[in-house]
Structures are given as structure tokens and as C-alpha cells.
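Note sheet for the following structure.
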Amino acid sequence: MTTIESEKMSNSRVTREEALQYHHEPTPGKFDITPSVPMTTQRDLSLAYSPGVAVPCEAIHENPETAYDYTNKGNLVAVISNGTAVLGLGNLGALASKPVMEGKAVLFKRFADVNAIDIELDSIDVDEIVKAVKLMEPTFGGINLEDIKAPECFIIEQRLKEEMDIPVFHDDQHGTAVITAAGLLNALEMSGKKIEDVKIVLNGAGAAGIACIELVKVMGARHENCIVCDTKGVIYQGRTDGMNQWKSAHAVKTDRRTLEEAMDGADVFLGVSAKGAVTQEMVKRMAPDPVIFAMANPDPEITPEEAHEVRPDAIVATGRSDYPNQVNNVLGFPYLFRGALDIHARAINDEMKIACAKALAALAREDVPDEVAVAYGKKLTFGRDYIIPTPFDPRLIYTIPPAVAKAGSDSGVARRPIIDMERYTANLKSRMDPTYSIIRSLNARARAAQATMIFAEGDDPHVLRAAVAYQRGNFGKALVVGREADVKQKLEAAGLGDAVPELEVVNAATTEHLAEYKAFLYQRLQRKGFDRHDIHRLAARDRHVFSSLMLAHGHGDGLITGATRKSAHVMDLINHVFDAKAEDGAVGITALLHKGRIVLIADTLVHEWPDEHDLADIAERAAAVARSLGLEPRVAFASFSTFGYPISERAEKMHLAPDVLDERGVDFEYDGEMTADVALNPDVMARYPFCRLSGPANILVMPARHSASISVKMMQELAGATVIGPILAGVEKPIQICSTNSTANDILNMAVLAANKVGG
Ligand SMILES: NC(=O)C1=CN([C@@H]2O[C@H](COP(=O)(O)OP(=O)(O)OC[C@H]3O[C@@H](n4cnc5c(N)ncnc54)[C@H](OP(=O)(O)O)[C@@H]3O)[C@@H](O)[C@H]2O)C=CC1
Ligand SMILES: CC(=O)C(=O)O
Ligand SMILES: [Mg+2]
């Protein structure tokens, strides 16, 4: 299987139902707004609203620049569309463009920590749109125009730039042009050609097309070497049909009239037009080592498979995330605005765009760090399948905005230039939520493991959704335990009828291995009061036991269960097949993800009331799990007392546990006992200068299972923390016990964790 095939398979199975469900749950749409200040007391109310709010109002009235200090203006961008060119889908109107605009807003946040709000304007009148956007100037630090069709977009952007004192940036024009320029620089280097010499064909003379060809010409491409086409074919000198001033500027003297003729001998094809606009016949006519950027969304002008079939020597890029070489403005707009906002820019000018393109091109040539390779499940090296950085590259956030900010400062559009670039870069690094990269690494490792996962509870719709997602996400094979008719009916009811033929159902009543399983179980339980009748009942009728038997016999690599029954009960059943008790060394560890932090809580599942030796065992197991997640462990033995005060019989074991680890000579940091605030808050920890932890704890070993479990549930319910686990460590095979209120996504996360254990 080629890289392209495997890469495409891993992500492309997005069904209509999945896309609609993604947009519907947990709440309709793709983002929420949360306050960043306390808003609980009467005093908070007095500060946030009347009378306190009057003070910043007057300050801003006196000095408008202080709006950047006292409001969210400086980190707020409006994503504005009228829906006249929604991706390559055409004029869907303002309302139907909202999912794309919400999506762009989420990408701003995810990739560059820029707050963005979508605004859909129900108008095709240029004057009306200009007026509406201009009136919003006080609110925003920048304006990102999106999916507004040409030629109106050119007039709207130009007028707004002239009339507004904040950056106005039409992403489809300049975002696309910047990324195209970056990709093209590298692709031409690969094919050993010079931009001054190459023959370029551009298909699509709209927002994206005109901006791309202009930037490519600024970079050195010669006017006479560039042929631009639209729906009417080649834009030649003297053409009158379907023309406008922006197209006319790129008309050339030529006899060629069709795209097919234009492609004859071309070195580069740039497509920002529509699905399927390019045929294999056209591609065949291109020059050796052709560069093909088929960037129409959601479907390209020609797929990489089609292009490579007839031209194995082609360097191919698309706008999609499921092929190598994603030339998409997502690599630009988050970082261009981050850099622009951070210097309180008045505009995003050409210097900033060129700096962005050059920085992107340079980043793709750099050695790709292992963490990126792990996240993508393969080593990326500068070459035909890697001419541009991948959108999830964590280096983008601290590489591109500094280049943009510097260019903005040097070219005079900064209200507040960055003085200390090193410090700025360090701030950008710490700005991004580290939990993203951990989750991505877990996913990548799970994909590499290709584990066959047993989903024990095939009668539960959440479990079925997770099993389908596991398989469609290319993590491996999902085996669902249940009755075929029942699984089919539940899948259909969940809107996943098309997944029925994909999932393998294992029915205990009809499996060929039942006799083997029963013999194994009888061997284990015969001296524990179980007769052959009991064994049959357990093996054939209890899906937790049956699934555990499958796992024990290697008929699956990992087991996911517990979504329908209480975990303690499920643990008892699993213990019939595996040695997963406290005395066997089993430990339950739950990961809490909240506000960019990951904290492991242990033991949330197995030890009811551990003594100091058990606590030391738990710490060791948790430290190993932390390392497998890429965290350097810092263990705190949590208590209601800190370093011996107040004295209490209940806290004594927490006080003694570090001594046990001292004796064992372990290779990670630990200390205690201490309260949760000492463990987690560096300022409070600083009151105990002798504390041996070098930073806030990322593992809290709890005094008992009840306190561990209560803490997790409180963080989940009160703080909205994401919970992964409990991860069952210290058991021979990967088993994950979900909770009864798990969502399909929680269950999928558990399967990913189990697959990570299979991968080692
Ligand atoms: N990968 C990326 O990052 C980006 C990709 N795009 C994609 O580029 C495409 C165009 O977007 P945008 O410029 O905003 O839209 P516009 O509506 O502004 O322009 C569309 C242009 O494409 C031309 N066109 C449409 N269909 C064909 C066809 N079959 N053959 C030749 N030309 C055609 C139109 O011709 P005419 O003038 O004759 O009507 C027009 O010139 C979309 O598919 C969009 O998804 C856009 C931005 C970023
Ligand atoms: C990517 C993008 O902005 C588009 O296709 O319109
Ligand atoms: Mg767009």
C-alpha cells in the first residue's frame, strides 16, 4: 500500500451521519463562550458590570488604545461571510455558510489561541457589506473575510482596508496565496526548476486564483509564462466574455483556448476552481516532473491517485487533510492573525504575508521532531510527499507568528512592536494546550499498533458507535460481542446502518471456541465453588466473562467493557479470567485533562484502602503510565494534611509512603503528604521550600479509592474536566473499564489507550 493510500484510508471514512452528528453533539454548533473572570459574587458583579465597568469605559474614551488592555478586542477576530462562495460549493447563502465560519473560528482558537466569532451577513450588496463590517471596527482586533465570491470580494476588501484601522484579510485570497507560494517554492526545488522559467496554468480566476497568480508573479514567475483559465476557458488578450478588470490584468497573448490546450507542456498546475475540472488526459500533456496543486474543496480538481496513475513523476498537493501535502489556508490565517494581533497591527501587509510564506517553506525543510513523527505515525522528511508543514505541527505556533510580527514591526504597521522576540517565542510555546499533542500521540501510537479490540457490550449504542469509530479511524479491527440481529438493529437505530457489514459480531452462543473457553475457566474456578453448570453460564451468557476469555485466548488484543455495568461488578467478573486484584498488582489510574494540564489520579479502581506499601506500588504504576503518555512523573501523596500537620491517624500512611519509595530508590520525583493545593499550585508549594517536587505534581496518589473516585467525578462535573480512564495498569493484557455514563468518544478513548498498551 502506498503512503497515499494508507494515509487516505486512515481518515477518509467520514459519513454524512458522522458529519451531522459531529455538528449536533454535545450541543449544536462547534463552540461555546466561557467567561475568563470570576463571576460568582456580588462584588464580581459590581466589578464586571455596573458600577465597576464604568471605569474602563471612561479610560477607553480618554485613550482608545487602552481598549487593547481592558477588553478582548486585542485577541478577537470576526470571521465574516455572505456565503456566496462556500468552499467550492458555490453560493449557498449566508445561513448555510455558518458551519464553515464556525469551523474557521474553532481553527483560530485551536491552532493559535485567537478568539474568533463567525458573522454571516445576509446580503450580496457590496455597499451594505462594507458598511456592516466597518461598523464593527470597535469590537474586533481583526477582520477575516471568508468565502465571499469574486469579483465583489476584491472591492469589499479594498474598501475596508482603506477605511478601517485594523487588519482586514480575505483568507481565500491571501491565505491561499501565501500557502500556495510556500508549497510552490519547495515543490519547484524538488523538481529542480526555477520559478522564472516555469510555465504555469491557473484554473479558477476568482478570489483564490487572482491572489495566487499575483503572489506567484511577485515571487518571480513571468507574466507571459502564466495562463489563467476560468469556466469560459483561457483568459486571452481580447476576450470579452465573462471578464472583469482583475482577470484582464492576467490575460495573455495566446492561441490556446481551452484548459486542455493550456496544460500542454505546463510545469505547474494551480487549481482553485471546482471538483473534477482536470482530467488524466490533461495531466498526461504536462512537462516532466509536473507540480499539480489541486486545491478545490471539499473535492480537488483531480485526486492524487488519478494524477499519479498517469504521471508517477508528479508532485501533487490538495486542500484536504486526508492526503499528503495539504495546501490549505489553515496553515496561514491562524498564525498571520496571531502575529498581527500581538503587535496590535493596523493591517496585514505584503511584507507580513511574504514572511509567513517563507517561514512555512523553511519549516518544511527542517528536520521534523520525533513528537511530530509520532503524532503522524510516520517519519516526515522534506520530499515529494512533504513539501509543506502539516497543520498539526506544534512548531507552527512559535515559528510563524514571530516572523509575521517582525515583518509587521519592520514595515511600520505595528502599534506595539515586539521588543523581546525570544520572550515572545517562549510565550507562544506555552500558549498552546499540551493535552492536544498527548492525545494526538496516543492516537498515532494506537494506529501503529493496529490492535484487534474486543468491545464486550455490543447491545449498547455508545459502545457500537465507538467500535465503528475505532475501525473507521483506522485504529484496527473492532470485534463486537453480541447477537447479530441485535447489533444490526441498534446500529440502524443509531443512524449507522451502513456500518452493519463492516463490524464483525462475535456471538457467544455460536462461537467455535466455547468448549476451549469453558475448559480454561473450569480449570481456574473449580476449587472456588464453581461447578460445570456455573462455568457454562458464565462463559456462554456473561459477556464480560466471555470477552475476557476471548482476550485470554488471544482472540483479540485488548478489551473494552464497563459501559453498561458498575465497574466494581465488572472487575469481579474479569477476575474470574485474569488476576486483576490489588494483591496481583493491578491499579486503576485516571487521567484528568483540564485547562492545558494533565493530572493522573490513582488508584481510582482497585485498591480500596491501600497501606503505605500499596501506595508506593500505586505511585510506581502511575509513574509508568505518565511516562507512556510522554509526561515526566511528579508524584504527590495527597492528604488533608501537609508534611505532618495536622497529625492524624488517617494521614499517617500518606506520610510514610515517600519513605517506602526512598527505600526502593525509584527514578522519579515524589513527595508528601500534602494537600491538593500544595501539590498543584506552585505559589502554595513555594511555602514549603524543602518540598522535593521540581514543579506542580502531575500524579496525585490518593488515600483511598473513594477519595480518588470522588475527586475525579467532582472535577468532571464541577470543572468540566475531560476524563480518560481508569487505565487498568499491572494486568497481563490491555483491559479498559469504562464508566456507565461514558459517551461514545470516552469509550473510543479507552480503546485507544488499550491499543497503546498493545503497542507497548
Ligand atoms: N485549498 C485552499 O486553501 C483553498 C481552496 N479554495 C478553493 O478554490 C475554489 C474557488 O474558491 P474562490 O476563489 O473563493 O471562489 P470564487 O467564486 O471567488 O471563484 C471561483 C473561480 O473558479 C472558476 N471556476 C469554477 N468552476 C470552474 C471550472 N469547472 N473550470 C474552470 N474554472 C472554474 C470561476 O470561474 P468564472 O469566473 O468563470 O465564474 C471563478 O473564476 C473553491 O473550490 C475553494 O474551495 C479556496 C480558498 C482556499
Ligand atoms: C479552505 C477554504 O477557505 C476554502 O476552500 O474556501
Ligand atoms: Mg474559504
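The chains in the C-alpha cells are called A, B, ... from first to last as shown; in each chain the residues are counted from 1, and the ligands are counted from 1 in the order shown.
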Using DSSP on the backbone, list every residue of segment 321-535 of chain A that comes out as alpha helix (DSSP H), and give them as a ChimeraX atom specification. /A:333-342,350-365,370-376,396-410,421-431,434-449,461-472,484-493,514-525,532-535
Sorted per-residue table, chain A near ligand 3, closest atoms and distance, 10 Å, only C-alpha atoms and all ligand atoms, as a Markdown table:
| residue | atom | partner | partner_atom_place_in_ligand_line | distance |
| --- | --- | --- | --- | --- |
| A:Ser81 | CA | ligand 3 | 1 (Mg) | 9.2 |
| A:Gly83 | CA | ligand 3 | 1 (Mg) | 9.7 |
| A:Ala85 | CA | ligand 3 | 1 (Mg) | 7.6 |
| A:Val86 | CA | ligand 3 | 1 (Mg) | 6.5 |
| A:Leu87 | CA | ligand 3 | 1 (Mg) | 5.1 |
| A:Gly88 | CA | ligand 3 | 1 (Mg) | 8.3 |
| A:Ser97 | CA | ligand 3 | 1 (Mg) | 10.0 |
| A:Val100 | CA | ligand 3 | 1 (Mg) | 8.0 |
| A:Met101 | CA | ligand 3 | 1 (Mg) | 8.7 |
| A:Lys104 | CA | ligand 3 | 1 (Mg) | 8.8 |
| A:Leu145 | CA | ligand 3 | 1 (Mg) | 8.7 |
| A:Glu146 | CA | ligand 3 | 1 (Mg) | 5.2 |
| A:Asp147 | CA | ligand 3 | 1 (Mg) | 4.5 |
| A:Ile148 | CA | ligand 3 | 1 (Mg) | 8.0 |
| A:Lys149 | CA | ligand 3 | 1 (Mg) | 9.6 |
| A:His170 | CA | ligand 3 | 1 (Mg) | 8.8 |
| A:Asp171 | CA | ligand 3 | 1 (Mg) | 6.5 |
| A:Asp172 | CA | ligand 3 | 1 (Mg) | 4.8 |
| A:Gln173 | CA | ligand 3 | 1 (Mg) | 8.6 |
| A:Gly175 | CA | ligand 3 | 1 (Mg) | 9.0 |
| A:Thr176 | CA | ligand 3 | 1 (Mg) | 8.6 |
| A:Ala207 | CA | ligand 3 | 1 (Mg) | 9.2 |
| A:Ala208 | CA | ligand 3 | 1 (Mg) | 8.5 |
| A:Ala296 | CA | ligand 3 | 1 (Mg) | 9.9 |
| A:Asn297 | CA | ligand 3 | 1 (Mg) | 8.6 |
| A:Asn328 | CA | ligand 3 | 1 (Mg) | 9.3 |
| A:Asn329 | CA | ligand 3 | 1 (Mg) | 8.0 |
| A:Val330 | CA | ligand 3 | 1 (Mg) | 9.6 |
Please provide as an NGL selection string all residues within 10 Å of Ala357 of chain A, with the sequence filter that same-chain residues fewer than 4 positions apart are discarded (counting only C-alpha atoms). :A and (175 or 177-185 or 331-332 or 351-353 or 361-363 or 400 or 403-404)
Pairwise distance, atom CA of Lys429 of chain A with atom CA of Arg338 of chain A, equals 12.6 Å
Within 10 Å of Val310 of chain A using only C-alpha atoms, minus same-chain residues under 2 positions, as a PyMOL selection string: chain A and resi 280-284+305-308+312-314
Non-local contacts of His553 of chain A (10 Å; only C-alpha atoms; under 3 positions in same chain excluded) as a list of chain:residue names: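 Near His553 of chain A, the qualifying residues are A:His513, A:Glu516, A:Tyr517, A:Phe520, A:Ser547, A:Ser548, A:Leu549, A:Met550, A:Gly556, A:Asp557.
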Limited to C-alpha atoms, could you put the picked residues into a file as a CSV table (one decimal), in the first residue's frame?
chain,number,residue,atom,x,y,z
A,513,HIS,CA,-14.2,-21.6,20.9
A,516,GLU,CA,-12.0,-24.3,24.9
A,517,TYR,CA,-13.0,-21.2,26.9
A,520,PHE,CA,-9.9,-22.9,30.8
A,547,SER,CA,-15.0,-11.3,26.3
A,548,SER,CA,-12.2,-11.8,28.9
A,549,LEU,CA,-11.9,-15.4,27.8
A,550,MET,CA,-11.6,-14.2,24.2
A,556,GLY,CA,-8.4,-10.1,20.4
A,557,ASP,CA,-5.6,-7.8,21.6
Separation of atom CA of Ser441 of chain A and atom CA of Val368 of chain A, in Å? 14.7 Å
Computed interatomic separation between atom CA of Asn75 of chain A and atom CA of Leu336 of chain A (Å):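 Calculated distance between atom CA of Asn75 of chain A and atom CA of Leu336 of chain A is 12.6 Å.
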